[in-house]
Every structure is written in structure tokens, then in C-alpha cells.
Amino acid sequence: MKQKLVLVGNGMAGVRTLEELFKIAPDKYDVTVFGAEPHCNYNRIMLSPVLAGEKTIDDIILNSQQWYDEHNITLHVGKKIVHIDRKAQKVIADDGTEAKYDRLLLATGSNPFILPIPGNDKEGVIGFRDIKDVDTMLDCAKKYKKAAVIGGGLLGLEAANGLVLNGMDVTVIHLGSTLMEMQMDGISGAMLKSSLEERGLKFRMTSVTTDILGDERVTGLKFADGGELEADLVVMAAGIRPNIELAKKAGIHCERGIVVNDTMQTFDPKIYSVGECVQHRGQTYGLVAPLFEQAKVCANHLAGYGIGMYQGSVTSTKLKVTGIDLFSAGNFNGDDTTEDVVMKDAARGVYKKVVLRDNKIVGAVMYGDTVDGAWYFQMLRDETDVSDFRQHLMFGQAHLGDSGHGGANAASALPDNAEICGCNGVCKKTIVDTIVSQGLFTLDEVKAHTKAAASCGSCTGLVEQILASTVGDYSDTPKKKAMCGCTDHTHDEVRAAIRDNKLTSIPQAMSFLDWRTKDGCASCRPALNYYIISAWPKESQDDPQSRFINERAHANIQKDGTYSVIPRMWGGLTTPDELRAIANVADKFKIPTVKVTGGQRIDLLGVKKEDLPLVWADLNAAGMVSGHGYGKSLRTVKTCVGSEWCRFGTQDSTGLGVKIEKMTWGSWTPHKYKIAVSGCPRNCAEATIKDFGVVCVDSGYELHVGGNGGIHVKATELLCRVTTEEEVLEYCGAFMQVYREEAHYLERTAPWIERVGLSYAKQRVVEDEKGRKELYARFLESQEVYQVDPWADAVAKDEVREHYIPIKKLANA
């Protein structure tokens, strides 16, 4: 007769224990599982991609109802166990359901730590722990604007990124001075903060929250320094606490967690425990890899084999924010007994630090390039002596050549026992043997058969390398990152498909490229829309609903929910009539702030959304069009007064700037695009930090490309020198067009040139005369479309009237 095993907790650690048990003793128990949530077992560490819109709840289900049925498991979902009767050996759920046990497995997980501050029970204050929290955040993002995330750790940053992608204005409040200080050092933490700020996140560091404001619903936060922050949603991500309430109530010995020995047994020999609720040798764990190691040991003892011992875990960390690569493991801060080996390439956003003790790795932290993370982690676990190849250590495994430690394919050089997937404990040999024995050819097949790369996804690159080296020709192995979670295709592959197959709409492109999600996400839809209209400006229809709100409203949304309107001023020139029109609009609509911008224009700040169409109508009537101060487009052409007025001026920089602006205005680009024309080498218009800069000299014009201001200032590179204004216009249009046609969406000219090389830009624009003229012709042709109202047809059909602001075509522009 089978014994009865009851599992309390339908999460990853408990169900993994059952999986391991069924491998070695499939018929030993009748199994009953209780889960408090109304779902089958899902991948909790993939909640962040669900919040970000990259996956759905169905995508992250680990064990379907069919799996429970196949293993004859009695599954109770939506039922919380509230009492353990140890004497009668039974558990009782909140609805009265009872189940007898011979062995009981507690996998009750953890609870988010809700800070004990006044107001923490208000509506709109939540944790980030389960799918219900994700649903709450997604609902709030549809109704509210401002969110605060308390905690700059792993979960907090993933939650904040997801909320930003859902259109919220998000501020992260962090007690420390370094983000993710448990996983990052000061330098990598600062690089991470800069990257996240570029994505729209705001930060309030070294801040202590003292009160949550509002009556029934949260309206803001108050801090120890007296400051306040508006917030419609507060996400507590300040850590987790083991969920030990049920165990304590049953008299099971607990400290910070449910105390277990090396066999995962509690002080009651009939009761075992695994997961985040457990305390082992004084340690608790919140990452999935240690929990799966515990599961394997626990299953061994439940099966009656009694040979497994859990002795603690060495952990590594990966952030699940698309486009940001970071990795850390071990003692990455070091101490008096260690030494650091560091490589930093700020221009590429790459930082690596390996901490050594007696020439053995004891810790590592990496940002921007994490391909060798598994290699460093394997050497850390194996206590490998790196003396023989220390001089090559920071260049990665693939650069070690014939030393015996590397090769062209990093994964192929790893030993058979190298752990590839830390989450699921899958070694290289298991993956290789499964590929060969099962005849696997795709990443999804490897995931399904081995579970490698099926959890957090940080080992996907290594799994693909193993697949490529094993089958010999793995065409699906991406050389670069996919656009987003909706597709495996890279930006370059998507652009090529749109161009080569004349894909002129988003649904057509998604269908042709086998998009995984029906409607895409907030990341890929704007990119697809841009790639389509840039490739087929005359044949395609711009989709306003695939643009950010700023571009739909033709104004920049401000932190108070109002907008700023910037009419265009050609080359910084204006007229009394234009100034009167701006003044009249400011008076008529009671616009509180009128400011001169850094791009030599006037910004009207504080415009109400409902007033935007009327504001633009009055400005249009004065002949003024949008300055596109909000767009992924030409922003400004900054000029100095030049030879007409300045005693140092060598050419008519203002006149040339007006010609360039009238030629380029209205053009959509991968990112914001700024131009400047300086009348002499004194460079008063700051042309050498613009995407395209012209510096006038006695003999003509120097043309500069690839600069930008902002957080990371980048000076331009000299493209060439020309002698006439006509050449300036031709080279300007040609460079802008090749950037438009080939750069990735949201890639500024500076990183684009760093990626493709200045020599490539020179070859396309300077050295290839025929190619330059073709680029210039395509640019002018596209401008015939862009310099008219792009959404007129949609407005006529009443499709986008709610967000539509007219842009009048400028006659004789």
C-alpha cells in the first residue's frame, strides 16, 4: 500500500521536489498538493517579463493540469492550509478540506516584506510576489500615472522597469547608495543606474520612507528628510521574509525560517521543508538554484535512499530586464585577503571584476558583457587555479586559444560536468546527451527536454552554443539579441525582412516573422512602425497607436500631467508675428511658463491636454509647425549668427542652418536627432556634440557626425570637408538616410557609429559618390511624405481623433 505524501505549497521548490521524486520512486506515494493561488505551478521568477508584456501567465506555467493528472496527483488550487494536526497527521485548509499524510512537505515560500510604516495598509500599496500582484500593477498602469517602488534590489528594479514599459512615471526609492548592493559593487551599480535612467526610471537614493500619504488610497510618500513624492501606486520590494506562520503554529522549530538539517528534515522527522521558507545552517535563500538543490536532496530522502546531503549553495545573479546584462557571484566586493582584476570599457558600457584569493576566483561581477559568467562561476565552484592563464582572464574564455581553457565557442570548451543552468541544475553533458539521443534541433526542444534555459533565461546563450556545436549547423542561434521577448529575430533581421519582402504594415510583418504575441508589446510595436515607414515611406501607413504618447500628442508630457509645446523656429530665427502668436497663445490658454530652450526655440510649459488641439490651431494659423521636441525625429538645427553679424564668422551659418532644417524637418529617425551649424571654429553652436554638425571654415565646411550631449557626452568624429552649401545639404541628407535605414530603433548616432565603425559611415557617404547620391535621393523622396500631415487619412476616418494634433504642411519649405 502506498504511503501518503502531502505537499503544502504549489510553487517551484515543492513541485521540483515531486519531479525529482518521480524520477527515482514514481510509485512510492499517493500525492496531494495544496496551493493557495488559483493556478498550476508557474515560474515565479518570470513574473517580471509578464509585467513587462514580454510573456503571459500561460507562457510561464511549468506544470500543466495534464502533468498533475499523468502523475495521479490530487491538486487543490485556491486552498490555503491553515492548520497542521501533527498528532493525527493531517492538514486542514481554509475551506475545511482535510488530507492525511505519512510524510508532509512544507514549501510555503516567502512573503514580501511590507515596511512597518504608517499607511502601509492603504489601497494601492502592494508587494511583488505573485501573479495577482502583477495583475494589480497592470490594472493600475491603465488608470494611474505615478508609481513608487521602495527597494532598489533585484525585484524592485524588475518591477520598476515593467511599470515604465506600461507607461507609468516610476521613481525607485532606495535606502543605500548603490543599486542591488547585494549583487553589485559601486561601479557596476552606477552603470546600471545610468542605463535604467536612460530607460525612463527615476531614483531617490539614500532615502528613508516614513509615511504613506492619502486617505483610503495612497497619494504619495513622505521621507525622513521632509521631502514628499506623489504616487498612485506603491510597490514594496524591500526584501522577503520566510513564510513560517503555519509551521510555527504547528509547533515546528523555526528561527528566521523553518529550521532543517542536511536532509531537509525539520525537527519533526515526518515533516520535510524546502524553498524560501527554509533556514539551513543559519542561511535562508531567495534564489531558485539553491531551492532546486534542496529539492533534489529532499526527494532522495523521501524516496528512502538516504544518501543525499545539502551543504549550502554558492549563488549567482542575473537581472531580468531586457537589454541589460549583469552577472554577479560569490564575494565580488573582496576583503583584505583578496585582490581585484578589473576591466572597464566605459564607451561600450562594459565592466568586469574578478576577485581572486591565492589565484582562485572567489567572486565576480560583470556588467554589459556577461558571456563568460558561467565560465567564471564554474571556476569559482571548482576552485580552479587561474595562474597559467591569469593574463588572459579578463578577455574571456574564447580568447584563450590553445591554452586548453577556451576556444571560439565558449560553451564547447567547458567540461562535461560544468553546470550550464544553475536554476535547474543541468550540466553540459546532460544537454549534449539529450540533443544527440532525442535528435533535438531547436532551443525550445532543449528547454522542453532538459529544462536548461527554461527558468530565468540567463543561460540561454550558453545553451544555444552547446546546441550549435553539437548539431553542427544551428541556424537559429542568434548572433545578437532579439528585439524583445515577442520574437527571436534581431533588429537587423527584422529590418531586412521588411525591406526584402516589402512588408508595409505591422500585422503583415508580425505574420511573416512568426511573432509570438498577437499584438506585440510596448517595446517592439514602435520599432516595427518605424522600420516600416522608414523602408516604405510612400507605400506604408504610419500607425499612431504604435507611437509613444508624446508623439501622438505632438507635445512632451510633464511630471504633473500637463504638456509642453514647442513650435519650430527655423535655425533659431523668429519674427515679431511669430512672437506675438506665441504670446497670444500663452495668454489665451493661461500657460504658466514660457522658456527659451537650449535649441534656440520657445517652449510653452503647462498646457492642458484638452487644450492641445486649440493651441496648435492658433500656432498653425500663424504659420508655425511643430518643433518635434518630443519625437524620435529631427529636433533642432542650432546656429550662431555667422558671417552676417559676427566679426569672426567665416560663412552664413544661420542661412545654411535654415536650409538644412527646412530640408530635414518632419523626418522620423531611430532616435532623437540634432544638428548644429557653427559659423567659425570657435563653435558657438556646439556643432561637435550633435548627431550632425557643420563647422564653417575659410575654405568651406567641416562635417562632423556621431556626437551627443546628455548623460554620456560624446564628441563628434570628422566625416569630411566640403566647399559648397549644396554639398553640405547632400552629405547631410545622405548621412541621415543611411542612419535612418540601418540603425536600430532607439539607437543614437553615437552608439550606431561605434557599432558599425566610422570607416563604414565614410565609405557609404563620402567615398561612394553614386551611393551617396542614391541615399540623398531616397531621403528627399521620403521627405515628400514626412513633411505633410502623416495621419490625415486616419483622422478623416475618425480613427485617432482623440490623440490627434494637426501638423500643417509648410508651404515652400
# chains A, B, ... in the order shown; residues from 1 in each chain; ligands from 1

call {"tool": "residues_around", "arguments": {"residues": "Lys122 in chain A", "least_positions_apart": "3", "cutoff": "8 Å", "atoms": "only C-alpha atoms", "output": "list in words"}}
result
Gly119, Val125, Gly214, Asp215, Glu216, Arg217 and Val218 of chain A

call {"tool": "closest_residue", "arguments": {"among": "A:Val234, A:Leu467, A:Leu51, A:Cys696", "to": "Gly167 in chain A", "atoms": "only C-alpha atoms"}}
result
A:Leu51

call {"tool": "select_by_dssp", "arguments": {"residues": "range 675-763 of chain A", "states": "strand (DSSP E or B)", "output": "list of chain:residue names"}}
result
A:Ile675, A:Ala676, A:Val677, A:Ser678, A:Phe692, A:Gly693, A:Val694, A:Val695, A:Cys696, A:Val697, A:Gly700, A:Tyr701, A:Glu702, A:Leu703, A:His704, A:Val705, A:Asn708, A:Lys714, A:Glu717, A:Leu718, A:Leu719, A:Cys720, A:Arg721, A:Val722

call {"tool": "residues_around", "arguments": {"residues": "Thr337 in chain A", "least_positions_apart": "6", "cutoff": "12 Å", "atoms": "only C-alpha atoms", "output": "PyMOL selection string"}}
result
chain A and resi 331+355-360+362

call {"tool": "residues_around", "arguments": {"residues": "Glu741 in chain A", "least_positions_apart": "2", "cutoff": "8 Å", "atoms": "only C-alpha atoms", "output": "PyMOL selection string"}}
result
chain A and resi 531+534-535+737-739+743

call {"tool": "write_last_selection", "arguments": {"atoms": "C-alpha atoms", "output": "PDB file, in the first residue's frame"}}
result
ATOM      1  CA  TYR A 531      11.194  50.281 -39.568  1.00  0.00           C
ATOM      2  CA  SER A 534      11.425  54.282 -42.993  1.00  0.00           C
ATOM      3  CA  ALA A 535      11.681  51.422 -45.513  1.00  0.00           C
ATOM      4  CA  GLN A 737      19.315  58.455 -44.600  1.00  0.00           C
ATOM      5  CA  VAL A 738      21.887  55.688 -44.038  1.00  0.00           C
ATOM      6  CA  TYR A 739      21.417  56.149 -40.288  1.00  0.00           C
ATOM      7  CA  ALA A 743      20.423  51.905 -37.142  1.00  0.00           C
TER       8      ALA A 743
END

call {"tool": "residues_around", "arguments": {"residues": "Gly109 in chain A", "least_positions_apart": "2", "cutoff": "6 Å", "atoms": "only C-alpha atoms", "output": "ChimeraX atom specification"}}
result
/A:107,243,275-277

call {"tool": "atom_distance", "arguments": {"atom1": "CA of Leu503 in chain A", "atom2": "CA of Leu780 in chain A"}}
result
21.5 Å

call {"tool": "closest_residue", "arguments": {"among": "A:Gly35, A:Gly599, A:Gly368, A:Gly156", "to": "Ala685 in chain A", "atoms": "only C-alpha atoms"}}
result
A:Gly599

call {"tool": "closest_residue", "arguments": {"among": "A:Gly649, A:Met236, A:Lys145, A:Met182", "to": "Asp121 in chain A", "atoms": "only C-alpha atoms"}}
result
A:Met236

call {"tool": "closest_residue", "arguments": {"among": "A:Glu293, A:Asp369, A:Asp262, A:Asp618", "to": "Arg348 in chain A", "atoms": "only C-alpha atoms"}}
result
A:Asp369

call {"tool": "closest_residue", "arguments": {"among": "A:Gln397, A:Asn10, A:Ser313, A:Ser328", "to": "Gly189 in chain A", "atoms": "only C-alpha atoms"}}
result
A:Ser328

call {"tool": "residues_around", "arguments": {"residues": "range 490-497 of chain A", "least_positions_apart": "4", "cutoff": "9 Å", "atoms": "only C-alpha atoms", "output": "list in words"}}
result
Pro478, Lys479, Lys480, Lys481, Ala482, Met483, Cys484, Asn501, Lys502, Leu503, Ala509, Phe512, Leu513, Ala527, Leu528, Tyr531, Ile532, Ala535, Glu741, Glu742, Ala743, His744 and Tyr745 of chain A

call {"tool": "atom_distance", "arguments": {"atom1": "CA of Ser48 in chain A", "atom2": "CA of Asp135 in chain A"}}
result
11.6 Å

call {"tool": "residues_around", "arguments": {"residues": "Gly679 in chain A", "least_positions_apart": "3", "cutoff": "10 Å", "atoms": "only C-alpha atoms", "output": "MDAnalysis selection string"}}
result
chainID A and resid 639:644 646 648:654 656:657 676 682:685 687 694:698 701

call {"tool": "write_last_selection", "arguments": {"atoms": "C-alpha atoms", "output": "mmCIF file, in the first residue's frame"}}
result
data_model
loop_
_atom_site.group_PDB
_atom_site.id
_atom_site.type_symbol
_atom_site.label_atom_id
_atom_site.label_comp_id
_atom_site.auth_asym_id
_atom_site.auth_seq_id
_atom_site.Cartn_x
_atom_site.Cartn_y
_atom_site.Cartn_z
ATOM 1 C CA THR A 639 23.004 78.051 -35.331
ATOM 2 C CA CYS A 640 25.139 81.024 -34.422
ATOM 3 C CA VAL A 641 24.748 84.393 -36.202
ATOM 4 C CA GLY A 642 27.673 83.652 -38.542
ATOM 5 C CA SER A 643 29.274 85.975 -41.035
ATOM 6 C CA GLU A 644 26.218 88.237 -41.346
ATOM 7 C CA CYS A 646 29.804 88.119 -36.130
ATOM 8 C CA PHE A 648 34.727 86.045 -36.531
ATOM 9 C CA GLY A 649 32.188 84.374 -38.811
ATOM 10 C CA THR A 650 33.524 82.739 -41.963
ATOM 11 C CA GLN A 651 30.232 81.643 -43.609
ATOM 12 C CA ASP A 652 26.488 82.353 -43.351
ATOM 13 C CA SER A 653 25.817 79.732 -40.681
ATOM 14 C CA THR A 654 22.293 80.970 -39.904
ATOM 15 C CA LEU A 656 22.711 77.417 -44.017
ATOM 16 C CA GLY A 657 21.095 76.197 -40.803
ATOM 17 C CA ALA A 676 24.098 72.447 -35.489
ATOM 18 C CA ARG A 682 35.006 78.860 -32.160
ATOM 19 C CA ASN A 683 31.952 76.614 -32.405
ATOM 20 C CA CYS A 684 29.390 78.704 -30.518
ATOM 21 C CA ALA A 685 26.554 76.455 -31.775
ATOM 22 C CA ALA A 687 28.261 71.540 -33.546
ATOM 23 C CA VAL A 694 28.764 71.711 -39.534
ATOM 24 C CA VAL A 695 31.746 73.909 -38.637
ATOM 25 C CA CYS A 696 32.320 76.731 -41.101
ATOM 26 C CA VAL A 697 35.928 77.490 -42.029
ATOM 27 C CA ASP A 698 37.512 79.902 -44.526
ATOM 28 C CA TYR A 701 32.715 73.438 -44.251
#

call {"tool": "closest_residue", "arguments": {"among": "A:Lys248, A:His554, A:Lys447, A:Arg778", "to": "Leu106 in chain A", "atoms": "only C-alpha atoms"}}
result
A:Lys248

call {"tool": "atom_distance", "arguments": {"atom1": "CA of Thr266 in chain A", "atom2": "CA of Glu19 in chain A"}}
result
20.9 Å

call {"tool": "select_by_dssp", "arguments": {"residues": "range 63-271 of chain A", "states": "helix (DSSP H, G or I)", "output": "PyMOL selection string"}}
result
chain A and resi 65-70+131-143+154-165+186-198+245-249

call {"tool": "write_last_selection", "arguments": {"atoms": "C-alpha atoms", "output": "PDB file, in the first residue's frame"}}
result
ATOM      1  CA  GLN A  65      -3.060  20.233 -15.144  1.00  0.00           C
ATOM      2  CA  GLN A  66      -2.207  17.401 -17.523  1.00  0.00           C
ATOM      3  CA  TRP A  67       1.101  16.834 -15.687  1.00  0.00           C
ATOM      4  CA  TYR A  68      -0.691  16.505 -12.337  1.00  0.00           C
ATOM      5  CA  ASP A  69      -3.197  14.107 -13.905  1.00  0.00           C
ATOM      6  CA  GLU A  70      -0.463  11.970 -15.502  1.00  0.00           C
ATOM      7  CA  ILE A 131       0.692  36.828 -10.442  1.00  0.00           C
ATOM      8  CA  LYS A 132      -2.023  38.669  -8.516  1.00  0.00           C
ATOM      9  CA  ASP A 133       0.467  41.456  -7.777  1.00  0.00           C
ATOM     10  CA  VAL A 134       1.311  41.634 -11.485  1.00  0.00           C
ATOM     11  CA  ASP A 135      -2.378  41.885 -12.395  1.00  0.00           C
ATOM     12  CA  THR A 136      -2.810  44.690  -9.842  1.00  0.00           C
ATOM     13  CA  MET A 137       0.127  46.610 -11.301  1.00  0.00           C
ATOM     14  CA  LEU A 138      -1.146  46.208 -14.854  1.00  0.00           C
ATOM     15  CA  ASP A 139      -4.609  47.450 -13.816  1.00  0.00           C
ATOM     16  CA  CYS A 140      -3.078  50.458 -12.038  1.00  0.00           C
ATOM     17  CA  ALA A 141      -0.985  51.312 -15.091  1.00  0.00           C
ATOM     18  CA  LYS A 142      -4.206  51.704 -17.091  1.00  0.00           C
ATOM     19  CA  LYS A 143      -5.785  54.080 -14.549  1.00  0.00           C
ATOM     20  CA  LEU A 154      16.625  42.727  -7.946  1.00  0.00           C
ATOM     21  CA  LEU A 155      12.833  42.542  -7.619  1.00  0.00           C
ATOM     22  CA  GLY A 156      12.386  46.275  -7.209  1.00  0.00           C
ATOM     23  CA  LEU A 157      14.222  47.148 -10.410  1.00  0.00           C
ATOM     24  CA  GLU A 158      12.394  44.475 -12.389  1.00  0.00           C
ATOM     25  CA  ALA A 159       9.052  45.793 -11.111  1.00  0.00           C
ATOM     26  CA  ALA A 160      10.035  49.400 -11.859  1.00  0.00           C
ATOM     27  CA  ASN A 161      11.146  48.541 -15.392  1.00  0.00           C
ATOM     28  CA  GLY A 162       7.889  46.715 -16.067  1.00  0.00           C
ATOM     29  CA  LEU A 163       5.819  49.670 -14.837  1.00  0.00           C
ATOM     30  CA  VAL A 164       7.781  52.092 -17.037  1.00  0.00           C
ATOM     31  CA  LEU A 165       7.132  49.862 -20.044  1.00  0.00           C
ATOM     32  CA  GLY A 186      29.729  50.623  -6.625  1.00  0.00           C
ATOM     33  CA  ILE A 187      30.975  50.906 -10.223  1.00  0.00           C
ATOM     34  CA  SER A 188      28.633  48.342 -11.759  1.00  0.00           C
ATOM     35  CA  GLY A 189      25.755  49.705  -9.670  1.00  0.00           C
ATOM     36  CA  ALA A 190      26.375  53.205 -11.029  1.00  0.00           C
ATOM     37  CA  MET A 191      26.466  51.888 -14.615  1.00  0.00           C
ATOM     38  CA  LEU A 192      23.201  50.059 -14.015  1.00  0.00           C
ATOM     39  CA  LYS A 193      21.608  53.207 -12.605  1.00  0.00           C
ATOM     40  CA  SER A 194      22.630  55.217 -15.679  1.00  0.00           C
ATOM     41  CA  SER A 195      21.218  52.586 -18.028  1.00  0.00           C
ATOM     42  CA  LEU A 196      17.919  52.495 -16.164  1.00  0.00           C
ATOM     43  CA  GLU A 197      17.709  56.294 -16.112  1.00  0.00           C
ATOM     44  CA  GLU A 198      18.063  56.273 -19.885  1.00  0.00           C
ATOM     45  CA  GLU A 245       3.394  31.157  10.199  1.00  0.00           C
ATOM     46  CA  LEU A 246       1.852  27.725   9.535  1.00  0.00           C
ATOM     47  CA  ALA A 247       4.916  25.839  10.804  1.00  0.00           C
ATOM     48  CA  LYS A 248       5.202  27.930  13.982  1.00  0.00           C
ATOM     49  CA  LYS A 249       1.512  27.446  14.708  1.00  0.00           C
TER      50      LYS A 249
END
